[in-house]
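Undergrad: One file: data.cif (mmCIF, C-alpha atoms).
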data_structure
#
loop_
_atom_site.group_PDB
_atom_site.id
_atom_site.type_symbol
_atom_site.label_atom_id
_atom_site.label_comp_id
_atom_site.auth_asym_id
_atom_site.auth_seq_id
_atom_site.Cartn_x
_atom_site.Cartn_y
_atom_site.Cartn_z
ATOM 1 C CA MET A 1 22.515 -14.246 24.825
ATOM 2 C CA LYS A 2 21.960 -10.582 23.976
ATOM 3 C CA ILE A 3 21.733 -8.901 20.563
ATOM 4 C CA LYS A 4 25.073 -7.103 21.028
ATOM 5 C CA ASP A 5 26.791 -10.524 21.323
ATOM 6 C CA ILE A 6 25.579 -11.872 17.955
ATOM 7 C CA ARG A 7 28.260 -12.228 15.252
ATOM 8 C CA PRO A 8 28.128 -13.513 11.640
ATOM 9 C CA GLY A 9 28.615 -17.274 11.425
ATOM 10 C CA MET A 10 27.118 -18.023 14.825
ATOM 11 C CA ASP A 11 24.460 -20.716 15.086
ATOM 12 C CA GLY A 12 22.426 -22.287 17.865
ATOM 13 C CA ILE A 13 21.400 -18.784 18.953
ATOM 14 C CA THR A 14 18.637 -18.479 21.539
ATOM 15 C CA ILE A 15 17.445 -14.977 22.357
ATOM 16 C CA THR A 16 14.449 -13.129 23.793
ATOM 17 C CA ALA A 17 13.566 -9.776 22.228
ATOM 18 C CA ARG A 18 10.784 -7.309 21.438
ATOM 19 C CA VAL A 19 9.508 -6.866 17.888
ATOM 20 C CA VAL A 20 9.915 -3.206 16.922
ATOM 21 C CA SER A 21 8.556 -3.422 13.377
ATOM 22 C CA VAL A 22 7.747 -5.881 10.599
ATOM 23 C CA SER A 23 8.185 -5.035 6.911
ATOM 24 C CA LYS A 24 5.562 -5.646 4.264
ATOM 25 C CA PRO A 25 5.970 -9.218 2.919
ATOM 26 C CA LYS A 26 7.231 -9.698 -0.618
ATOM 27 C CA LYS A 27 7.717 -12.640 -2.951
ATOM 28 C CA VAL A 28 11.288 -13.523 -3.847
ATOM 29 C CA PRO A 29 12.752 -16.245 -6.055
ATOM 30 C CA THR A 30 14.833 -18.899 -4.265
ATOM 31 C CA ARG A 31 16.499 -22.087 -5.433
ATOM 32 C CA TYR A 32 13.475 -23.906 -3.966
ATOM 33 C CA GLY A 33 10.940 -21.763 -5.830
ATOM 34 C CA GLU A 34 9.177 -18.540 -4.985
ATOM 35 C CA ALA A 35 8.941 -17.687 -1.263
ATOM 36 C CA LEU A 36 7.279 -15.036 0.856
ATOM 37 C CA VAL A 37 9.753 -13.041 2.964
ATOM 38 C CA ALA A 38 9.572 -10.150 5.426
ATOM 39 C CA GLN A 39 12.027 -8.616 7.847
ATOM 40 C CA ALA A 40 11.415 -7.763 11.479
ATOM 41 C CA ILE A 41 13.464 -5.353 13.531
ATOM 42 C CA ILE A 42 13.912 -6.877 16.984
ATOM 43 C CA ALA A 43 15.486 -5.238 20.034
ATOM 44 C CA ASP A 44 16.616 -5.885 23.565
ATOM 45 C CA GLU A 45 18.325 -3.613 26.068
ATOM 46 C CA THR A 46 21.667 -4.003 24.226
ATOM 47 C CA GLY A 47 20.663 -3.134 20.651
ATOM 48 C CA SER A 48 18.594 -4.090 17.629
ATOM 49 C CA ALA A 49 18.889 -6.600 14.790
ATOM 50 C CA VAL A 50 17.125 -7.781 11.658
ATOM 51 C CA LEU A 51 15.235 -11.078 11.829
ATOM 52 C CA ASN A 52 14.383 -12.557 8.423
ATOM 53 C CA LEU A 53 10.939 -14.147 8.320
ATOM 54 C CA TRP A 54 10.305 -16.815 5.693
ATOM 55 C CA ARG A 55 7.080 -18.369 4.444
ATOM 56 C CA GLY A 56 4.870 -19.262 7.434
ATOM 57 C CA GLN A 57 6.920 -17.091 9.807
ATOM 58 C CA VAL A 58 5.821 -13.925 7.952
ATOM 59 C CA LYS A 59 2.385 -13.684 9.579
ATOM 60 C CA LEU A 60 3.541 -14.791 13.029
ATOM 61 C CA LEU A 61 4.880 -11.507 14.445
ATOM 62 C CA LYS A 62 3.436 -8.076 15.170
ATOM 63 C CA PRO A 63 5.139 -4.934 16.529
ATOM 64 C CA GLY A 64 5.223 -4.967 20.323
ATOM 65 C CA ASP A 65 5.347 -8.781 20.624
ATOM 66 C CA ILE A 66 7.866 -10.303 23.025
ATOM 67 C CA ILE A 67 9.431 -13.307 21.297
ATOM 68 C CA ARG A 68 11.870 -16.110 21.999
ATOM 69 C CA ILE A 69 13.989 -17.271 19.086
ATOM 70 C CA GLU A 70 15.591 -20.707 19.418
ATOM 71 C CA ASN A 71 18.345 -22.319 17.340
ATOM 72 C CA ALA A 72 18.755 -19.354 14.979
ATOM 73 C CA PHE A 73 21.827 -18.600 12.884
ATOM 74 C CA ALA A 74 23.456 -15.298 11.967
ATOM 75 C CA LYS A 75 24.741 -14.189 8.576
ATOM 76 C CA GLU A 76 26.155 -10.934 7.309
ATOM 77 C CA PHE A 77 24.228 -9.203 4.520
ATOM 78 C CA ARG A 78 25.143 -5.769 3.161
ATOM 79 C CA GLY A 79 27.523 -5.226 6.069
ATOM 80 C CA ARG A 80 24.912 -5.998 8.719
ATOM 81 C CA VAL A 81 24.263 -9.094 10.824
ATOM 82 C CA GLU A 82 20.871 -10.712 10.226
ATOM 83 C CA LEU A 83 19.205 -13.548 12.125
ATOM 84 C CA ASN A 84 17.509 -16.464 10.391
ATOM 85 C CA VAL A 85 15.445 -19.318 11.810
ATOM 86 C CA GLY A 86 15.620 -22.463 9.695
ATOM 87 C CA LYS A 87 13.763 -25.774 9.870
ATOM 88 C CA SER A 88 15.464 -26.786 13.115
ATOM 89 C CA GLY A 89 14.760 -23.422 14.762
ATOM 90 C CA ARG A 90 11.706 -21.918 16.366
ATOM 91 C CA ILE A 91 10.076 -18.532 16.948
ATOM 92 C CA ALA A 92 7.673 -18.417 19.896
ATOM 93 C CA VAL A 93 5.518 -15.430 20.816
ATOM 94 C CA LEU A 94 5.780 -15.138 24.602
ATOM 95 C CA LYS A 95 3.510 -12.114 24.907
ATOM 96 C CA ARG A 96 1.405 -10.203 22.417
ATOM 97 C CA GLY A 97 1.999 -6.526 22.889
ATOM 98 C CA GLU A 98 1.453 -3.014 21.751
ATOM 99 C CA PRO A 99 4.316 -1.105 20.138
ATOM 100 C CA GLU A 100 6.168 0.871 22.788
ATOM 101 C CA LYS A 101 6.903 4.557 22.466
ATOM 102 C CA GLU A 102 10.649 4.833 22.101
ATOM 103 C CA GLU A 103 13.205 7.462 22.828
ATOM 104 C CA PRO A 104 13.899 9.707 19.782
ATOM 105 C CA GLU A 105 17.425 8.275 19.318
ATOM 106 C CA LYS A 106 16.085 4.711 19.124
ATOM 107 C CA GLN A 107 13.308 5.730 16.730
ATOM 108 C CA GLU A 108 15.899 7.320 14.442
ATOM 109 C CA ALA A 109 18.115 4.201 14.515
ATOM 110 C CA VAL A 110 15.148 1.951 13.746
ATOM 111 C CA SER A 111 14.037 4.248 10.905
ATOM 112 C CA GLU A 112 17.525 4.105 9.394
ATOM 113 C CA ALA A 113 17.549 0.290 9.656
ATOM 114 C CA GLU A 114 14.116 0.093 7.994
ATOM 115 C CA GLU A 115 15.250 2.406 5.174
ATOM 116 C CA GLU A 116 18.232 0.126 4.517
ATOM 117 C CA LEU A 117 15.865 -2.848 4.275
ATOM 118 C CA GLU A 118 13.918 -1.111 1.515
ATOM 119 C CA GLU A 119 16.980 -0.365 -0.640
ATOM 120 C CA PRO A 120 17.128 -2.485 -3.814
ATOM 121 C CA ALA A 121 19.655 -5.306 -3.971
ATOM 122 C CA ASP A 122 22.938 -4.621 -5.761
#
Take the structure from the file and write it as C-alpha cells.

TA:
Amino acid sequence: MKIKDIRPGMDGITITARVVSVSKPKKVPTRYGEALVAQAIIADETGSAVLNLWRGQVKLLKPGDIIRIENAFAKEFRGRVELNVGKSGRIAVLKRGEPEKEEPEKQEAVSEAEEELEEPAD
C-alpha cells in the first residue's frame, strides 16, 4: 500500500515509509490517564501523512529512518487523515538514516503540515 491510497476508516494497513520529522512529545489527558504523544510526518514516493506516536512509540523514530508500519488504522482529524498503531500493530525501524535534503516544494508542504500539528485544538 502507498500513502496516497490511505483513507479514513481503513484498518489493517501495512506500509513502508521514510520519517521526515518527529514533533516534540507532549503529555495529553486520555480516558486511560495521562499519555505521552508525538506526531511524525512520514513520506513515500506518493505523498506524506501524519503518524501518531503514543507512549513507548514516541522515542522509537528519528528523521531519516525507514520504517515499516503493520496493522495500522486511519482516522480523520481536522480534515486530514492520520495513521495510528494500536496494541495489535507494530512499527519496525528497517534502517536508521539521516534526514534527506528535499526539493523546495516538498519542504514547504512538510512545513505546512508541521505548522498545522502545532495549532491548538478547537

Undergrad: Do you know which residues the PyMOL selection byres ((chain A and resi 64) around 8) returns on this file, as a PyMOL selection string?

TA: chain A and resi 18-21+62-63+65-66+96-100

Undergrad: Please report the interatomic distance between atom CA of Val85 of chain A and atom CA of Phe73 of chain A in Å with one decimal.

TA: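 Between atom CA of Val85 of chain A and atom CA of Phe73 of chain A the gap works out to 6.5 Å.
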
Undergrad: The PyMOL selection byres ((chain A and resi 45) around 9) - which residues does that actually catch in the file I just gave you? List them as a list in words.

TA: Lys2, Ile3, Ala17, Ala43, Asp44, Thr46, Gly47 and Ser48 of chain A

Undergrad: Quick one: everything within 7 Å of Ile67 of chain A, counting all atoms listed in the file, minus sequence neighbours fewer than 6 positions away in the same chain. Send it as a PyMOL selection string.

TA: chain A and resi 16-18+91-94

Undergrad: Once you have the residues from the selection above, write them out as a CSV table (one decimal), in the coordinates of the input, restricted to C-alpha atoms.

TA:
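For reference, selection32.csv as written:
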chain,number,residue,atom,x,y,z
A,16,THR,CA,14.4,-13.1,23.8
A,17,ALA,CA,13.6,-9.8,22.2
A,18,ARG,CA,10.8,-7.3,21.4
A,91,ILE,CA,10.1,-18.5,16.9
A,92,ALA,CA,7.7,-18.4,19.9
A,93,VAL,CA,5.5,-15.4,20.8
A,94,LEU,CA,5.8,-15.1,24.6

Undergrad: Between atom CA of Lys27 of chain A and atom CA of Thr14 of chain A, what is the spacing in Å?

TA: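 Atom-to-atom, atom CA of Thr14 of chain A and atom CA of Lys27 of chain A are spaced 27.4 Å apart.
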
Undergrad: Go through A:Leu36, A:Ile13, A:Leu83, A:Val28 and flag the residue nearest Asn52 of chain A, using all atoms listed in the file for the distances.

TA: A:Leu83

Undergrad: I'd like the interatomic distance between atom CA of Arg7 of chain A and atom CA of Thr30 of chain A, to a tenth of an Å.

TA: 24.6 Å

Undergrad: Which one of A:Lys24, A:Arg31, A:Arg78, A:Lys87 sits closest to Pro8 of chain A if you count only C-alpha atoms?

TA: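 Nearest candidate to Pro8 of chain A out of A:Lys24, A:Arg31, A:Arg78, A:Lys87: A:Arg78.
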
Undergrad: Would you be able to write out as a list in words which residues have an atom within 7 Å of (16.3, -26.8, 18.2) in the file's coordinates, counting all atoms listed in the file?

TA: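 Those residues, ordered by chain and then number, are Glu70, Asn71, Ser88, Gly89 and Arg90 of chain A.
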
Undergrad: Find the spatial neighbours of Trp54 of chain A, counting only C-alpha atoms, within a cut-off of 8 Å - ignore same-chain residues fewer than 6 positions away - and output them as a list in words.

TA: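 Here the qualifying residues turn out to be Ala35, Leu36, Val37 and Ala38 of chain A.
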
Undergrad: Can you give me, as a ChimeraX atom specification, the residues this file yields under the PyMOL selection byres ((chain A and resi 79) around 12)?

TA: /A:7-8,75-78,80-82,113,116

Undergrad: Provide an axis-aligned box for all listed atoms of segment 69-83 of chain A, padding each side by 3 Å; report its centre and its edge lengths in Å to one decimal, as AutoDock Vina command-line options.

TA:
--center_x 20.8 --center_y -13.8 --center_z 11.3 --size_x 19.5 --size_y 23.1 --size_z 22.3

Undergrad: Reconstruct N, CA and C atoms of segment 2-18 of chain A from the incomplete input and present them as a tab-separated table (two decimals), keeping the file's coordinate frame.

TA:
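That gives us part.tsv:
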chain	number	residue	atom	x	y	z
A	2	LYS	N	22.51	-11.90	24.29
A	2	LYS	CA	21.96	-10.58	23.98
A	2	LYS	C	22.29	-10.22	22.53
A	3	ILE	N	21.54	-9.30	21.96
A	3	ILE	CA	21.73	-8.90	20.56
A	3	ILE	C	23.15	-8.40	20.31
A	4	LYS	N	23.72	-7.65	21.24
A	4	LYS	CA	25.07	-7.10	21.03
A	4	LYS	C	26.13	-8.20	20.89
A	5	ASP	N	25.83	-9.42	21.36
A	5	ASP	CA	26.79	-10.52	21.32
A	5	ASP	C	26.74	-11.34	20.03
A	6	ILE	N	25.75	-11.07	19.17
A	6	ILE	CA	25.58	-11.87	17.95
A	6	ILE	C	26.60	-11.46	16.90
A	7	ARG	N	27.25	-12.45	16.29
A	7	ARG	CA	28.26	-12.23	15.25
A	7	ARG	C	27.93	-13.11	14.05
A	8	PRO	N	28.35	-12.68	12.83
A	8	PRO	CA	28.13	-13.51	11.64
A	8	PRO	C	28.78	-14.88	11.82
A	9	GLY	N	28.09	-15.92	11.34
A	9	GLY	CA	28.62	-17.27	11.42
A	9	GLY	C	28.17	-18.03	12.65
A	10	MET	N	27.59	-17.34	13.62
A	10	MET	CA	27.12	-18.02	14.82
A	10	MET	C	25.87	-18.84	14.50
A	11	ASP	N	25.70	-19.95	15.20
A	11	ASP	CA	24.46	-20.72	15.09
A	11	ASP	C	24.07	-21.21	16.47
A	12	GLY	N	22.92	-21.85	16.57
A	12	GLY	CA	22.43	-22.29	17.86
A	12	GLY	C	22.05	-21.13	18.77
A	13	ILE	N	21.70	-20.00	18.19
A	13	ILE	CA	21.40	-18.78	18.95
A	13	ILE	C	20.00	-18.87	19.56
A	14	THR	N	19.92	-18.60	20.85
A	14	THR	CA	18.64	-18.48	21.54
A	14	THR	C	18.60	-17.10	22.17
A	15	ILE	N	17.52	-16.36	21.91
A	15	ILE	CA	17.44	-14.98	22.36
A	15	ILE	C	15.99	-14.58	22.58
A	16	THR	N	15.77	-13.71	23.55
A	16	THR	CA	14.45	-13.13	23.79
A	16	THR	C	14.53	-11.65	23.44
A	17	ALA	N	13.53	-11.16	22.68
A	17	ALA	CA	13.57	-9.78	22.23
A	17	ALA	C	12.15	-9.26	21.99
A	18	ARG	N	12.05	-7.96	21.77
A	18	ARG	CA	10.78	-7.31	21.44
A	18	ARG	C	10.78	-6.99	19.96
